[in-house]
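Chemist: Next comes start-v4.cif, mmCIF, C-alpha atoms:
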data_run
loop_
_atom_site.label_atom_id
_atom_site.label_comp_id
_atom_site.auth_asym_id
_atom_site.auth_seq_id
_atom_site.Cartn_x
_atom_site.Cartn_y
_atom_site.Cartn_z
CA MET A 1 55.35 50.06 -36.65
CA THR A 2 55.38 53.83 -36.95
CA ILE A 3 56.35 56.59 -34.60
CA SER A 4 53.38 58.59 -33.38
CA LYS A 5 53.48 62.35 -33.91
CA LYS A 6 52.25 62.72 -30.34
CA GLY A 7 55.25 62.57 -28.02
CA SER A 8 57.85 62.53 -30.79
CA ARG A 9 59.94 65.37 -32.18
CA LYS A 10 60.67 66.40 -35.73
CA ILE A 11 64.16 67.06 -37.07
CA ILE A 12 65.44 67.95 -40.54
CA VAL A 13 68.68 66.26 -41.64
CA GLY A 14 69.99 66.97 -45.15
CA GLN A 15 66.60 68.43 -46.17
CA GLU A 16 64.84 65.20 -45.13
CA PRO A 17 62.26 65.29 -42.30
CA PHE A 18 62.49 62.65 -39.56
CA ARG A 19 60.58 61.90 -36.35
CA TRP A 20 62.44 60.75 -33.27
CA LEU A 21 61.59 59.58 -29.80
CA ILE A 22 63.67 58.64 -26.75
CA THR A 23 62.36 56.08 -24.30
CA PRO A 24 63.84 54.31 -21.28
CA SER A 25 64.97 50.80 -22.12
CA ALA A 26 66.89 49.11 -19.34
CA ARG A 27 68.95 50.29 -16.43
CA GLY A 28 71.72 52.44 -17.88
CA ILE A 29 70.21 52.45 -21.40
CA ILE A 30 67.85 54.80 -23.23
CA THR A 31 66.56 54.03 -26.71
CA LEU A 32 66.38 56.43 -29.63
CA THR A 33 63.89 55.46 -32.33
CA VAL A 34 63.89 57.34 -35.65
CA GLN A 35 61.71 57.15 -38.75
CA HIS A 36 61.35 59.24 -41.90
CA ASP A 37 58.45 61.64 -41.40
CA GLU A 38 56.94 61.39 -44.88
CA VAL A 39 57.66 57.79 -45.91
CA LYS A 40 57.02 55.00 -43.42
CA GLY A 41 60.18 53.11 -44.24
CA GLN A 42 62.78 51.30 -42.19
CA LEU A 43 62.94 52.13 -38.49
CA LEU A 44 66.21 52.99 -36.79
CA ARG A 45 66.73 52.02 -33.14
CA VAL A 46 69.80 53.14 -31.20
CA ALA A 47 70.70 52.06 -27.66
CA ILE A 48 72.47 54.89 -25.82
CA GLU A 49 74.30 54.49 -22.54
CA SER A 50 72.75 56.86 -19.99
CA ASP A 51 71.64 56.70 -16.39
CA ILE A 52 69.42 59.76 -16.78
CA ASN A 53 66.32 57.80 -15.78
CA GLU A 54 68.01 56.70 -12.54
CA PHE A 55 68.73 60.25 -11.35
CA TRP A 56 65.84 60.54 -8.90
CA VAL A 57 66.10 56.91 -7.82
CA GLU A 58 69.73 57.43 -6.80
CA PHE A 59 69.41 61.02 -5.57
CA PRO A 60 71.45 62.47 -3.85
CA ASN A 61 74.16 59.89 -4.75
CA VAL A 62 74.38 60.88 -8.43
CA GLU A 63 78.10 61.58 -8.79
CA LEU A 64 78.82 58.22 -10.43
CA LEU A 65 75.85 58.27 -12.80
CA ASN A 66 76.25 58.78 -16.53
CA ASN A 67 73.66 61.54 -16.90
CA LYS A 68 73.99 61.79 -20.67
CA ILE A 69 71.31 63.90 -22.29
CA VAL A 70 70.90 63.48 -26.04
CA MET A 71 70.55 66.82 -27.81
CA PRO A 72 68.99 67.39 -31.26
CA ALA A 73 72.40 68.13 -32.82
CA GLU A 74 73.58 64.69 -31.69
CA ILE A 75 70.39 63.11 -33.06
CA ALA A 76 71.19 64.67 -36.46
CA LEU A 77 74.72 63.23 -36.35
CA ILE A 78 73.39 59.78 -35.41
CA ILE A 79 70.91 59.89 -38.30
CA SER A 80 73.63 60.92 -40.77
CA GLU A 81 75.99 58.18 -39.56
CA ALA A 82 73.25 55.55 -39.65
CA ILE A 83 72.54 56.42 -43.30
CA ILE A 84 76.24 56.08 -44.09
CA GLN A 85 76.22 52.67 -42.37
CA GLY A 86 73.29 51.39 -44.42
CA TRP A 87 70.04 52.67 -42.92
CA LYS A 88 67.51 53.27 -45.69
CA PRO A 89 64.79 55.44 -44.13
CA ARG A 90 62.76 55.72 -47.36
CA GLU A 91 62.59 51.96 -48.00
CA LYS A 92 60.61 49.24 -46.27
CA GLY A 93 62.79 46.88 -44.32
CA ALA A 94 63.55 45.22 -41.03
CA LEU A 95 64.36 47.32 -38.01
CA LEU A 96 68.01 48.44 -38.02
CA SER A 97 69.66 48.50 -34.57
CA PHE A 98 72.80 50.24 -33.37
CA LYS A 99 74.54 51.03 -30.12
CA HIS A 100 75.85 54.54 -29.54
CA SER A 101 78.88 54.58 -27.28
CA GLU A 102 81.73 57.08 -26.92
CA ASN A 103 80.34 59.11 -29.86
CA LYS A 104 80.48 56.08 -32.17
CA LEU A 105 77.62 54.25 -33.84
CA LEU A 106 78.14 50.47 -33.66
CA SER A 107 75.96 48.02 -35.58
CA LEU A 108 74.12 45.35 -33.57
CA LYS A 109 73.87 42.79 -36.40
#
Output the file's structure as structure tokens, nothing else.
Modeler:
Amino acid sequence: MTISKKGSRKIIVGQEPFRWLITPSARGIITLTVQHDEVKGQLLRVAIESDINEFWVEFPNVELLNNKIVMPAEIALIISEAIIQGWKPREKGALLSFKHSENKLLSLK
């Protein structure tokens, strides 16, 4: 599987180009998917706790929602940490999954 250029965004981390995409996953979870932009290697998938997709469903009762928005700077940090934890974006391999919670990247092995 590869990430389409349409609908995804490009980011440079450590002089390496990546493509990333955020999609809704389940209630209270959004999913970040990242892949190297030049080499179709191992995919990275990160579950992030956020109720951002529930905002309009729950409007105007949004005070208790976790309306976390993931910014590009945070994407860069997640990519860097995933590489430290064993993600090999330039090599073929099985999907690597993590959970991002309280600014920590936790492996879902």
Chemist: Go through the shown structure with the PyMOL selection byres ((chain A and resi 93-99) around 6) and write out the matching residues as a PyMOL selection string.
Modeler: chain A and resi 42-47+92+100+105-108
Chemist: Report the distance between CA of Pro89 (chain A) and CA of His36 (chain A) in Å, rounded to one decimal place.
Modeler: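 Going from CA of Pro89 (chain A) over to CA of His36 (chain A) covers 5.6 Å.
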Chemist: Would you give me, as a tab-separated table, each residue of region 64-105 of chain A having an atom within 8 Å of an atom of region 11-21 of chain A, along with its shortest atom pair and that distance in Å to one decimal, using all atoms listed in the file and sorting by chain and residue number?
Modeler:
residue	atom	partner	partner_atom	distance
A:Pro72	CA	A:Ile11	CA	7.6
A:Ala76	CA	A:Val13	CA	6.0
A:Ile79	CA	A:Val13	CA	7.5
A:Ser80	CA	A:Val13	CA	7.3
Chemist: Take the residues from that selection and write them out as a short mmCIF file (atom, residue, chain, number, x, y, z; two decimals), in the frame of the given file, keeping C-alpha atoms.
Modeler:
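Everything below was put into selection13.cif:
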data_model
loop_
_atom_site.label_atom_id
_atom_site.label_comp_id
_atom_site.auth_asym_id
_atom_site.auth_seq_id
_atom_site.Cartn_x
_atom_site.Cartn_y
_atom_site.Cartn_z
CA PRO A 72 68.99 67.39 -31.26
CA ALA A 76 71.19 64.67 -36.46
CA ILE A 79 70.91 59.89 -38.30
CA SER A 80 73.63 60.92 -40.77
#
Chemist: Run the PyMOL selection byres ((chain A and resi 5) around 10) on the file and write out the hits as a ChimeraX atom specification.
Modeler: /A:2-4,6-10,19-21,37
Chemist: Kindly give the distance, in Å, that separates CA of Thr31 (chain A) and CA of Ile48 (chain A), rounded to a single decimal.
Modeler: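 Those two atoms sit 6.0 Å apart.
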Chemist: Would you compute the box with edges along x, y and z of the file around region 33-45 of chain A, including every atom the file lists for it and 3 Å extra on each side, and give its centre and edge lengths in Å to one decimal, as lines of an AutoDock Vina configuration file?
Modeler:
center_x = 61.8
center_y = 56.5
center_z = -39.1
size_x = 15.8
size_y = 16.3
size_z = 19.6
Chemist: Have a look at CA of Thr33 (chain A) and CA of Ile78 (chain A) and let me know their distance in Å, one decimal.
Modeler: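 Computing it gives 10.9 Å between the two atoms.
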